[in-house]
file query07.cif (mmCIF, C-alpha atoms)
data_entry
loop_
_atom_site.group_PDB
_atom_site.id
_atom_site.type_symbol
_atom_site.label_atom_id
_atom_site.label_comp_id
_atom_site.auth_asym_id
_atom_site.auth_seq_id
_atom_site.Cartn_x
_atom_site.Cartn_y
_atom_site.Cartn_z
ATOM 1 C CA MET A 28 -5.738 -1.826 18.306
ATOM 2 C CA LEU A 29 -6.616 -4.749 20.588
ATOM 3 C CA ALA A 30 -10.138 -4.947 19.203
ATOM 4 C CA ALA A 31 -8.838 -4.868 15.641
ATOM 5 C CA ALA A 32 -6.220 -7.525 16.451
ATOM 6 C CA ASP A 33 -8.869 -9.712 18.122
ATOM 7 C CA ALA A 34 -10.932 -9.364 14.952
ATOM 8 C CA GLY A 35 -7.961 -10.635 12.923
ATOM 9 C CA ASP A 36 -6.818 -7.349 11.376
ATOM 10 C CA GLU A 37 -3.366 -8.185 9.956
ATOM 11 C CA VAL A 38 -1.964 -4.674 10.410
ATOM 12 C CA ALA A 39 -3.139 -4.428 14.021
ATOM 13 C CA LEU A 40 -1.750 -7.899 14.724
ATOM 14 C CA GLY A 41 1.612 -6.931 13.255
ATOM 15 C CA GLU A 42 1.761 -3.713 15.251
ATOM 16 C CA LEU A 43 0.686 -5.496 18.420
ATOM 17 C CA GLY A 44 3.427 -8.054 17.823
ATOM 18 C CA SER A 45 5.979 -5.259 17.558
ATOM 19 C CA LEU A 46 4.605 -3.697 20.731
ATOM 20 C CA PHE A 47 4.906 -7.012 22.568
ATOM 21 C CA HIS A 48 8.442 -7.429 21.243
ATOM 22 C CA SER A 49 9.597 -3.961 22.300
ATOM 23 C CA ASN A 50 8.135 -4.503 25.775
ATOM 24 C CA GLY A 51 9.947 -7.794 26.325
ATOM 25 C CA HIS A 52 7.118 -10.240 25.628
ATOM 26 C CA PRO A 53 8.488 -12.521 22.893
ATOM 27 C CA ALA A 54 5.705 -15.112 23.178
ATOM 28 C CA GLY A 55 3.050 -12.455 22.530
ATOM 29 C CA ALA A 56 5.095 -11.023 19.676
ATOM 30 C CA LEU A 57 5.522 -14.442 18.106
ATOM 31 C CA TYR A 58 1.810 -15.235 18.391
ATOM 32 C CA CYS A 59 0.757 -11.928 16.803
ATOM 33 C CA TRP A 60 3.378 -12.016 14.061
ATOM 34 C CA GLU A 61 2.458 -15.588 13.116
ATOM 35 C CA ARG A 62 -1.227 -14.643 12.817
ATOM 36 C CA ALA A 63 -0.435 -11.449 10.922
ATOM 37 C CA TRP A 64 1.932 -13.250 8.550
ATOM 38 C CA ALA A 65 -0.634 -15.986 7.937
ATOM 39 C CA ALA A 66 -3.034 -13.181 6.951
ATOM 40 C CA GLY A 67 -0.476 -11.786 4.474
ATOM 41 C CA ASN A 68 1.298 -9.014 6.425
ATOM 42 C CA THR A 69 4.817 -8.982 4.934
ATOM 43 C CA VAL A 70 6.247 -6.747 7.680
ATOM 44 C CA ALA A 71 5.069 -9.283 10.244
ATOM 45 C CA GLY A 72 6.605 -12.042 8.116
ATOM 46 C CA PHE A 73 9.926 -10.215 8.071
ATOM 47 C CA ASN A 74 9.726 -9.679 11.853
ATOM 48 C CA LEU A 75 8.862 -13.340 12.361
ATOM 49 C CA GLY A 76 11.877 -14.399 10.309
ATOM 50 C CA THR A 77 14.077 -11.999 12.260
ATOM 51 C CA HIS A 78 12.776 -13.434 15.526
ATOM 52 C CA HIS A 79 13.718 -16.947 14.447
ATOM 53 C CA SER A 80 17.103 -15.800 13.151
ATOM 54 C CA MET A 81 17.941 -14.100 16.435
ATOM 55 C CA ALA A 82 16.754 -17.166 18.336
ATOM 56 C CA GLY A 83 19.302 -19.231 16.383
ATOM 57 C CA ASP A 84 16.864 -20.978 14.060
ATOM 58 C CA SER A 85 18.349 -19.822 10.762
ATOM 59 C CA ASN A 86 16.557 -22.545 8.778
ATOM 60 C CA ARG A 87 13.133 -21.390 9.907
ATOM 61 C CA ALA A 88 14.139 -17.765 9.337
ATOM 62 C CA GLN A 89 15.255 -18.637 5.810
ATOM 63 C CA VAL A 90 11.999 -20.388 4.963
ATOM 64 C CA ILE A 91 9.947 -17.404 6.112
ATOM 65 C CA TRP A 92 12.251 -14.796 4.558
ATOM 66 C CA GLU A 93 12.169 -16.676 1.228
ATOM 67 C CA GLN A 94 8.388 -16.363 1.193
ATOM 68 C CA VAL A 95 8.476 -12.687 2.216
ATOM 69 C CA ALA A 96 11.263 -11.886 -0.270
ATOM 70 C CA ALA A 97 9.268 -13.537 -3.059
ATOM 71 C CA LEU A 98 6.606 -10.898 -2.349
ATOM 72 C CA GLY A 99 9.203 -8.166 -2.974
ATOM 73 C CA ASP A 100 10.331 -7.251 0.549
ATOM 74 C CA PRO A 101 13.927 -5.927 0.333
ATOM 75 C CA ASP A 102 14.546 -6.370 4.066
ATOM 76 C CA ALA A 103 13.809 -10.086 3.822
ATOM 77 C CA MET A 104 16.067 -10.248 0.766
ATOM 78 C CA LEU A 105 18.798 -8.585 2.799
ATOM 79 C CA GLY A 106 18.340 -11.120 5.588
ATOM 80 C CA LEU A 107 18.761 -13.895 3.039
ATOM 81 C CA VAL A 108 21.897 -12.304 1.583
ATOM 82 C CA ARG A 109 23.400 -11.952 5.061
ATOM 83 C CA GLN A 110 22.657 -15.606 5.795
ATOM 84 C CA ALA A 111 24.156 -16.633 2.460
ATOM 85 C CA LEU A 112 27.307 -14.592 3.138
ATOM 86 C CA GLU A 113 27.688 -16.257 6.538
ATOM 87 C CA ARG A 114 27.349 -19.708 4.944
ATOM 88 C CA GLY A 115 29.550 -18.895 1.960
ATOM 89 C CA ASP A 116 26.564 -19.583 -0.282
ATOM 90 C CA ARG A 117 27.394 -17.648 -3.452
ATOM 91 C CA ALA A 118 24.191 -18.733 -5.196
ATOM 92 C CA GLY A 119 22.100 -17.310 -2.348
ATOM 93 C CA VAL A 120 23.946 -14.003 -2.600
ATOM 94 C CA GLU A 121 23.564 -13.916 -6.382
ATOM 95 C CA ARG A 122 19.859 -14.665 -6.153
ATOM 96 C CA TRP A 123 18.929 -11.678 -3.991
ATOM 97 C CA ALA A 124 21.693 -9.030 -4.143
ATOM 98 C CA PRO A 125 20.868 -7.916 -7.720
ATOM 99 C CA VAL A 126 17.187 -7.644 -6.832
ATOM 100 C CA ILE A 127 18.002 -5.401 -3.857
ATOM 101 C CA LEU A 128 20.270 -3.241 -6.025
ATOM 102 C CA ALA A 129 17.543 -2.856 -8.656
ATOM 103 C CA GLN A 130 15.073 -1.362 -6.189
ATOM 104 C CA ASP A 131 14.759 2.279 -5.265
ATOM 105 C CA GLU A 132 15.049 1.935 -1.483
ATOM 106 C CA ALA A 133 18.385 3.254 -0.264
ATOM 107 C CA PHE A 134 18.464 1.654 3.174
ATOM 108 C CA PRO A 135 18.580 -2.014 2.100
ATOM 109 C CA ILE A 136 21.084 -1.143 -0.624
ATOM 110 C CA THR A 137 23.369 0.627 1.860
ATOM 111 C CA ALA A 138 22.964 -2.260 4.311
ATOM 112 C CA LEU A 139 23.892 -4.645 1.500
ATOM 113 C CA GLY A 140 27.074 -2.627 0.965
ATOM 114 C CA VAL A 141 27.852 -2.862 4.681
ATOM 115 C CA ALA A 142 27.349 -6.638 4.563
ATOM 116 C CA PHE A 143 29.759 -6.956 1.630
ATOM 117 C CA ARG A 144 32.278 -4.644 3.311
ATOM 118 C CA SER A 145 32.215 -6.623 6.543
ATOM 119 C CA ARG A 146 32.962 -9.772 4.510
ATOM 120 C CA GLY A 147 35.919 -8.042 2.839
ATOM 121 C CA ASP A 148 34.293 -7.728 -0.592
ATOM 122 C CA LEU A 149 35.116 -4.053 -1.170
ATOM 123 C CA ASP A 150 34.287 -4.094 -4.887
ATOM 124 C CA ARG A 151 30.714 -5.206 -4.259
ATOM 125 C CA ALA A 152 30.456 -2.905 -1.246
ATOM 126 C CA VAL A 153 31.477 0.100 -3.327
ATOM 127 C CA HIS A 154 29.051 -0.935 -6.057
ATOM 128 C CA ALA A 155 26.190 -1.006 -3.524
ATOM 129 C CA PHE A 156 27.249 2.273 -1.920
ATOM 130 C CA LEU A 157 27.374 3.971 -5.325
ATOM 131 C CA ARG A 158 23.864 2.726 -6.090
ATOM 132 C CA ALA A 159 22.592 4.066 -2.741
ATOM 133 C CA GLU A 160 24.391 7.339 -3.405
ATOM 134 C CA GLU A 161 22.414 7.641 -6.651
ATOM 135 C CA LEU A 162 19.352 7.612 -4.417
ATOM 136 C CA GLY A 163 20.894 10.351 -2.267
ATOM 137 C CA ASP A 164 21.795 8.362 0.865
ATOM 138 C CA ALA A 165 24.310 10.152 3.097
ATOM 139 C CA HIS A 166 25.143 6.964 4.997
ATOM 140 C CA ALA A 167 26.320 5.276 1.794
ATOM 141 C CA MET A 168 28.484 8.297 1.030
ATOM 142 C CA GLU A 169 30.067 8.136 4.468
ATOM 143 C CA TYR A 170 30.744 4.401 4.199
ATOM 144 C CA ARG A 171 32.339 4.801 0.792
ATOM 145 C CA ALA A 172 34.398 7.752 2.084
ATOM 146 C CA ARG A 173 35.839 5.430 4.754
ATOM 147 C CA ILE A 174 36.913 3.010 2.045
ATOM 148 C CA LEU A 175 38.470 5.833 0.034
ATOM 149 C CA THR A 176 40.344 7.052 3.118
ATOM 150 C CA ALA A 177 41.668 3.547 3.788
ATOM 151 C CA GLN A 178 42.894 3.470 0.178
ATOM 152 C CA GLY A 179 44.726 6.761 0.710
ATOM 153 C CA ARG A 180 42.336 8.682 -1.525
ATOM 154 C CA THR A 181 41.720 11.387 1.064
ATOM 155 C CA ALA A 182 40.808 14.222 -1.308
ATOM 156 C CA GLU A 183 38.027 12.106 -2.835
ATOM 157 C CA ALA A 184 36.913 11.026 0.622
ATOM 158 C CA GLU A 185 36.756 14.600 1.888
ATOM 159 C CA ALA A 186 34.728 15.721 -1.140
ATOM 160 C CA LEU A 187 32.334 12.839 -0.614
ATOM 161 C CA LEU A 188 31.976 13.639 3.087
ATOM 162 C CA ALA A 189 31.190 17.255 2.210
ATOM 163 C CA ARG A 190 28.472 16.005 -0.124
ATOM 164 C CA ALA A 191 27.183 13.650 2.591
ATOM 165 C CA ALA A 192 26.857 16.549 5.021
ATOM 166 C CA THR A 193 24.055 18.000 2.908
ATOM 167 C CA ALA A 194 22.459 14.737 1.776
ATOM 168 C CA GLN A 195 19.498 12.917 3.256
ATOM 169 C CA ARG A 196 19.977 10.185 5.870
ATOM 170 C CA MET A 197 17.706 7.394 4.763
ATOM 171 C CA LEU A 198 16.453 4.761 7.155
#
call {"tool": "encode", "arguments": {"input": "query07.cif", "output": "structure tokens"}}
result
Amino acid sequence: MLAAADAGDEVALGELGSLFHSNGHPAGALYCWERAWAAGNTVAGFNLGTHHSMAGDSNRAQVIWEQVAALGDPDAMLGLVRQALERGDRAGVERWAPVILAQDEAFPITALGVAFRSRGDLDRAVHAFLRAEELGDAHAMEYRARILTAQGRTAEAEALLARAATAQRML
């Protein structure tokens, strides 16, 4: 992997960046992710944006995530929606949430539902959970069952939890 990364291989650079990150070497991770992203590795771009977001530089994270999201990455779109929700930026939410919902990846859709739920928007949360349920995600079923239970709809919640017990857990 080191030889490939030294040669500029974008995948090797991205993986090396993740390895540096998980072993507590943020400078190495940042260096590798920047090189990998410059070479077009969208996963590295997402990781780079996440690094900046966690470091408190939400503007830099947004700039990078906008570029990665424009290439179709639902995780970057989710990062942008979360930022927009924190800022109260309805236009930012409306730009990316429908695109996430239109994709066929359950994890970002379920995570979108969680983001809406944590902001108190239960209607949009349920909408996202239902979409993820269409894709078979057990996590979405469990989250929606919690909402149903809180609404006193325990029979529906129990039926949904029974269905979740046999469904796939998508990550």
call {"tool": "closest_atom_pairs", "arguments": {"input": "query07.cif", "of": "region 66-105 of chain A", "to": "region 116-139 of chain A", "cutoff": "12 Å", "atoms": "all atoms listed in the file", "output": "JSON lines"}}
result
{"residue": "A:Gln89", "atom": "CA", "partner": "A:Gly119", "partner_atom": "CA", "distance": 10.7}
{"residue": "A:Trp92", "atom": "CA", "partner": "A:Trp123", "partner_atom": "CA", "distance": 11.3}
{"residue": "A:Glu93", "atom": "CA", "partner": "A:Trp123", "partner_atom": "CA", "distance": 9.9}
{"residue": "A:Ala96", "atom": "CA", "partner": "A:Trp123", "partner_atom": "CA", "distance": 8.5}
{"residue": "A:Ala97", "atom": "CA", "partner": "A:Trp123", "partner_atom": "CA", "distance": 9.9}
{"residue": "A:Leu98", "atom": "CA", "partner": "A:Val126", "partner_atom": "CA", "distance": 11.9}
{"residue": "A:Gly99", "atom": "CA", "partner": "A:Val126", "partner_atom": "CA", "distance": 8.9}
{"residue": "A:Asp100", "atom": "CA", "partner": "A:Ile127", "partner_atom": "CA", "distance": 9.0}
{"residue": "A:Pro101", "atom": "CA", "partner": "A:Ile127", "partner_atom": "CA", "distance": 5.9}
{"residue": "A:Asp102", "atom": "CA", "partner": "A:Pro135", "partner_atom": "CA", "distance": 6.3}
{"residue": "A:Ala103", "atom": "CA", "partner": "A:Trp123", "partner_atom": "CA", "distance": 9.5}
{"residue": "A:Met104", "atom": "CA", "partner": "A:Trp123", "partner_atom": "CA", "distance": 5.7}
{"residue": "A:Leu105", "atom": "CA", "partner": "A:Leu139", "partner_atom": "CA", "distance": 6.6}
call {"tool": "axis_aligned_box", "arguments": {"input": "query07.cif", "around": "region 50-53 of chain A", "padding_each_side": "5 Å", "output": "JSON"}}
result
{"center_x": 8.5, "center_y": -8.5, "center_z": 24.6, "size_x": 12.8, "size_y": 18.0, "size_z": 13.4}
call {"tool": "resolve_selection", "arguments": {"input": "query07.cif", "expression": "the PyMOL selection byres ((chain A and resi 35) around 12)", "output": "list in words"}}
result
Met28, Leu29, Ala30, Ala31, Ala32, Asp33, Ala34, Asp36, Glu37, Val38, Ala39, Leu40, Gly41, Leu43, Cys59, Trp60, Glu61, Arg62, Ala63, Trp64, Ala65, Ala66, Gly67 and Asn68 of chain A
call {"tool": "residues_around", "arguments": {"input": "query07.cif", "residues": "Glu169 (chain A)", "least_positions_apart": "5", "cutoff": "9 Å", "atoms": "only C-alpha atoms", "output": "list in words"}}
result
Ile174, Ala184, Leu187, Leu188 and Ala191 of chain A
call {"tool": "atom_distance", "arguments": {"input": "query07.cif", "atom1": "CA of Ala54 (chain A)", "atom2": "CA of Arg109 (chain A)"}}
result
25.5 Å
call {"tool": "resolve_selection", "arguments": {"input": "query07.cif", "expression": "the PyMOL selection byres ((chain A and resi 197) around 9)", "output": "mmCIF file with C-alpha atoms, in the coordinates of the input"}}
result
data_model
loop_
_atom_site.group_PDB
_atom_site.id
_atom_site.type_symbol
_atom_site.label_atom_id
_atom_site.label_comp_id
_atom_site.auth_asym_id
_atom_site.auth_seq_id
_atom_site.Cartn_x
_atom_site.Cartn_y
_atom_site.Cartn_z
ATOM 1 C CA GLU A 132 15.049 1.935 -1.483
ATOM 2 C CA ALA A 133 18.385 3.254 -0.264
ATOM 3 C CA PHE A 134 18.464 1.654 3.174
ATOM 4 C CA GLY A 163 20.894 10.351 -2.267
ATOM 5 C CA ASP A 164 21.795 8.362 0.865
ATOM 6 C CA ALA A 165 24.310 10.152 3.097
ATOM 7 C CA HIS A 166 25.143 6.964 4.997
ATOM 8 C CA GLN A 195 19.498 12.917 3.256
ATOM 9 C CA ARG A 196 19.977 10.185 5.870
ATOM 10 C CA LEU A 198 16.453 4.761 7.155
#
call {"tool": "residues_near_point", "arguments": {"input": "query07.cif", "point": "(29.3, -0.5, -2.2)", "cutoff": "9 Å", "atoms": "only C-alpha atoms", "output": "ChimeraX atom specification"}}
result
/A:136-137,139-141,143-144,148-159,167,170-171
call {"tool": "atom_distance", "arguments": {"input": "query07.cif", "atom1": "CA of Ile91 (chain A)", "atom2": "CA of Val70 (chain A)"}}
result
11.4 Å
call {"tool": "decode", "arguments": {"input": "query07.cif", "residues": "region 84-183 of chain A", "atoms": "C-alpha atoms", "output": "PDB file, in the first residue's frame"}}
result
ATOM      1  CA  ASP A  84     -14.037  24.282  10.442  1.00  0.00           C
ATOM      2  CA  SER A  85     -17.574  23.847   9.132  1.00  0.00           C
ATOM      3  CA  ASN A  86     -17.001  26.254   6.226  1.00  0.00           C
ATOM      4  CA  ARG A  87     -14.128  24.215   4.845  1.00  0.00           C
ATOM      5  CA  ALA A  88     -16.088  21.007   5.429  1.00  0.00           C
ATOM      6  CA  GLN A  89     -19.033  22.468   3.523  1.00  0.00           C
ATOM      7  CA  VAL A  90     -16.906  23.475   0.548  1.00  0.00           C
ATOM      8  CA  ILE A  91     -15.418  19.990   0.270  1.00  0.00           C
ATOM      9  CA  TRP A  92     -18.703  18.171   0.919  1.00  0.00           C
ATOM     10  CA  GLU A  93     -20.435  20.303  -1.741  1.00  0.00           C
ATOM     11  CA  GLN A  94     -17.892  19.109  -4.292  1.00  0.00           C
ATOM     12  CA  VAL A  95     -18.150  15.475  -3.156  1.00  0.00           C
ATOM     13  CA  ALA A  96     -21.965  15.610  -3.024  1.00  0.00           C
ATOM     14  CA  ALA A  97     -22.052  17.014  -6.560  1.00  0.00           C
ATOM     15  CA  LEU A  98     -20.350  13.763  -7.602  1.00  0.00           C
ATOM     16  CA  GLY A  99     -23.244  11.799  -6.063  1.00  0.00           C
ATOM     17  CA  ASP A 100     -21.880  10.828  -2.640  1.00  0.00           C
ATOM     18  CA  PRO A 101     -24.857  10.421  -0.253  1.00  0.00           C
ATOM     19  CA  ASP A 102     -22.669  10.620   2.860  1.00  0.00           C
ATOM     20  CA  ALA A 103     -21.423  14.062   1.853  1.00  0.00           C
ATOM     21  CA  MET A 104     -25.020  15.060   1.124  1.00  0.00           C
ATOM     22  CA  LEU A 105     -25.960  13.894   4.604  1.00  0.00           C
ATOM     23  CA  GLY A 106     -23.150  15.956   6.113  1.00  0.00           C
ATOM     24  CA  LEU A 107     -24.493  18.993   4.283  1.00  0.00           C
ATOM     25  CA  VAL A 108     -28.048  18.344   5.475  1.00  0.00           C
ATOM     26  CA  ARG A 109     -26.840  18.009   9.068  1.00  0.00           C
ATOM     27  CA  GLN A 110     -24.946  21.292   8.779  1.00  0.00           C
ATOM     28  CA  ALA A 111     -27.991  22.973   7.257  1.00  0.00           C
ATOM     29  CA  LEU A 112     -30.229  21.679  10.063  1.00  0.00           C
ATOM     30  CA  GLU A 113     -27.804  23.036  12.661  1.00  0.00           C
ATOM     31  CA  ARG A 114     -27.809  26.451  10.957  1.00  0.00           C
ATOM     32  CA  GLY A 115     -31.553  26.486  10.331  1.00  0.00           C
ATOM     33  CA  ASP A 116     -30.810  26.669   6.611  1.00  0.00           C
ATOM     34  CA  ARG A 117     -33.992  25.314   5.022  1.00  0.00           C
ATOM     35  CA  ALA A 118     -32.667  25.781   1.487  1.00  0.00           C
ATOM     36  CA  GLY A 119     -29.631  23.624   2.287  1.00  0.00           C
ATOM     37  CA  VAL A 120     -31.888  20.891   3.644  1.00  0.00           C
ATOM     38  CA  GLU A 121     -34.188  21.096   0.624  1.00  0.00           C
ATOM     39  CA  ARG A 122     -31.264  20.920  -1.776  1.00  0.00           C
ATOM     40  CA  TRP A 123     -29.879  17.596  -0.554  1.00  0.00           C
ATOM     41  CA  ALA A 124     -32.551  15.706   1.436  1.00  0.00           C
ATOM     42  CA  PRO A 125     -34.652  14.794  -1.641  1.00  0.00           C
ATOM     43  CA  VAL A 126     -31.548  13.571  -3.452  1.00  0.00           C
ATOM     44  CA  ILE A 127     -30.654  11.298  -0.523  1.00  0.00           C
ATOM     45  CA  LEU A 128     -34.220   9.965  -0.386  1.00  0.00           C
ATOM     46  CA  ALA A 129     -34.179   9.211  -4.121  1.00  0.00           C
ATOM     47  CA  GLN A 130     -31.151   6.936  -3.848  1.00  0.00           C
ATOM     48  CA  ASP A 131     -31.187   3.250  -3.059  1.00  0.00           C
ATOM     49  CA  GLU A 132     -28.760   3.271  -0.124  1.00  0.00           C
ATOM     50  CA  ALA A 133     -30.589   2.662   3.138  1.00  0.00           C
ATOM     51  CA  PHE A 134     -27.941   3.882   5.567  1.00  0.00           C
ATOM     52  CA  PRO A 135     -27.862   7.563   4.532  1.00  0.00           C
ATOM     53  CA  ILE A 136     -31.657   7.587   4.305  1.00  0.00           C
ATOM     54  CA  THR A 137     -32.007   6.167   7.824  1.00  0.00           C
ATOM     55  CA  ALA A 138     -29.378   8.616   9.089  1.00  0.00           C
ATOM     56  CA  LEU A 139     -31.344  11.423   7.444  1.00  0.00           C
ATOM     57  CA  GLY A 140     -34.414  10.279   9.380  1.00  0.00           C
ATOM     58  CA  VAL A 141     -32.399  10.316  12.606  1.00  0.00           C
ATOM     59  CA  ALA A 142     -31.216  13.858  11.843  1.00  0.00           C
ATOM     60  CA  PHE A 143     -34.799  15.030  11.294  1.00  0.00           C
ATOM     61  CA  ARG A 144     -35.985  13.223  14.432  1.00  0.00           C
ATOM     62  CA  SER A 145     -33.287  14.796  16.580  1.00  0.00           C
ATOM     63  CA  ARG A 146     -34.419  18.220  15.315  1.00  0.00           C
ATOM     64  CA  GLY A 147     -38.027  17.415  16.242  1.00  0.00           C
ATOM     65  CA  ASP A 148     -39.278  17.072  12.659  1.00  0.00           C
ATOM     66  CA  LEU A 149     -41.127  13.774  13.119  1.00  0.00           C
ATOM     67  CA  ASP A 150     -43.043  13.990   9.833  1.00  0.00           C
ATOM     68  CA  ARG A 151     -39.855  14.157   7.782  1.00  0.00           C
ATOM     69  CA  ALA A 152     -38.199  11.569  10.019  1.00  0.00           C
ATOM     70  CA  VAL A 153     -41.039   9.116   9.453  1.00  0.00           C
ATOM     71  CA  HIS A 154     -40.933   9.817   5.724  1.00  0.00           C
ATOM     72  CA  ALA A 155     -37.211   8.954   5.640  1.00  0.00           C
ATOM     73  CA  PHE A 156     -37.661   5.874   7.822  1.00  0.00           C
ATOM     74  CA  LEU A 157     -40.451   4.605   5.565  1.00  0.00           C
ATOM     75  CA  ARG A 158     -38.214   5.055   2.524  1.00  0.00           C
ATOM     76  CA  ALA A 159     -35.392   3.123   4.237  1.00  0.00           C
ATOM     77  CA  GLU A 160     -37.885   0.451   5.257  1.00  0.00           C
ATOM     78  CA  GLU A 161     -38.763   0.018   1.572  1.00  0.00           C
ATOM     79  CA  LEU A 162     -35.111  -0.903   1.138  1.00  0.00           C
ATOM     80  CA  GLY A 163     -35.401  -3.401   3.998  1.00  0.00           C
ATOM     81  CA  ASP A 164     -33.442  -1.580   6.722  1.00  0.00           C
ATOM     82  CA  ALA A 165     -34.127  -2.940  10.214  1.00  0.00           C
ATOM     83  CA  HIS A 166     -32.661   0.147  11.885  1.00  0.00           C
ATOM     84  CA  ALA A 167     -35.234   2.379  10.182  1.00  0.00           C
ATOM     85  CA  MET A 168     -37.989   0.048  11.353  1.00  0.00           C
ATOM     86  CA  GLU A 169     -36.741   0.233  14.926  1.00  0.00           C
ATOM     87  CA  TYR A 170     -36.495   4.030  14.853  1.00  0.00           C
ATOM     88  CA  ARG A 171     -40.000   4.363  13.470  1.00  0.00           C
ATOM     89  CA  ALA A 172     -41.280   1.868  16.069  1.00  0.00           C
ATOM     90  CA  ARG A 173     -39.930   4.185  18.791  1.00  0.00           C
ATOM     91  CA  ILE A 174     -41.921   7.050  17.316  1.00  0.00           C
ATOM     92  CA  LEU A 175     -45.044   4.892  17.146  1.00  0.00           C
ATOM     93  CA  THR A 176     -44.570   3.848  20.778  1.00  0.00           C
ATOM     94  CA  ALA A 177     -44.199   7.480  21.850  1.00  0.00           C
ATOM     95  CA  GLN A 178     -47.468   8.207  20.027  1.00  0.00           C
ATOM     96  CA  GLY A 179     -49.184   5.407  21.947  1.00  0.00           C
ATOM     97  CA  ARG A 180     -49.482   3.209  18.868  1.00  0.00           C
ATOM     98  CA  THR A 181     -47.960   0.190  20.589  1.00  0.00           C
ATOM     99  CA  ALA A 182     -49.604  -2.527  18.489  1.00  0.00           C
ATOM    100  CA  GLU A 183     -48.179  -0.987  15.305  1.00  0.00           C
TER     101      GLU A 183
END
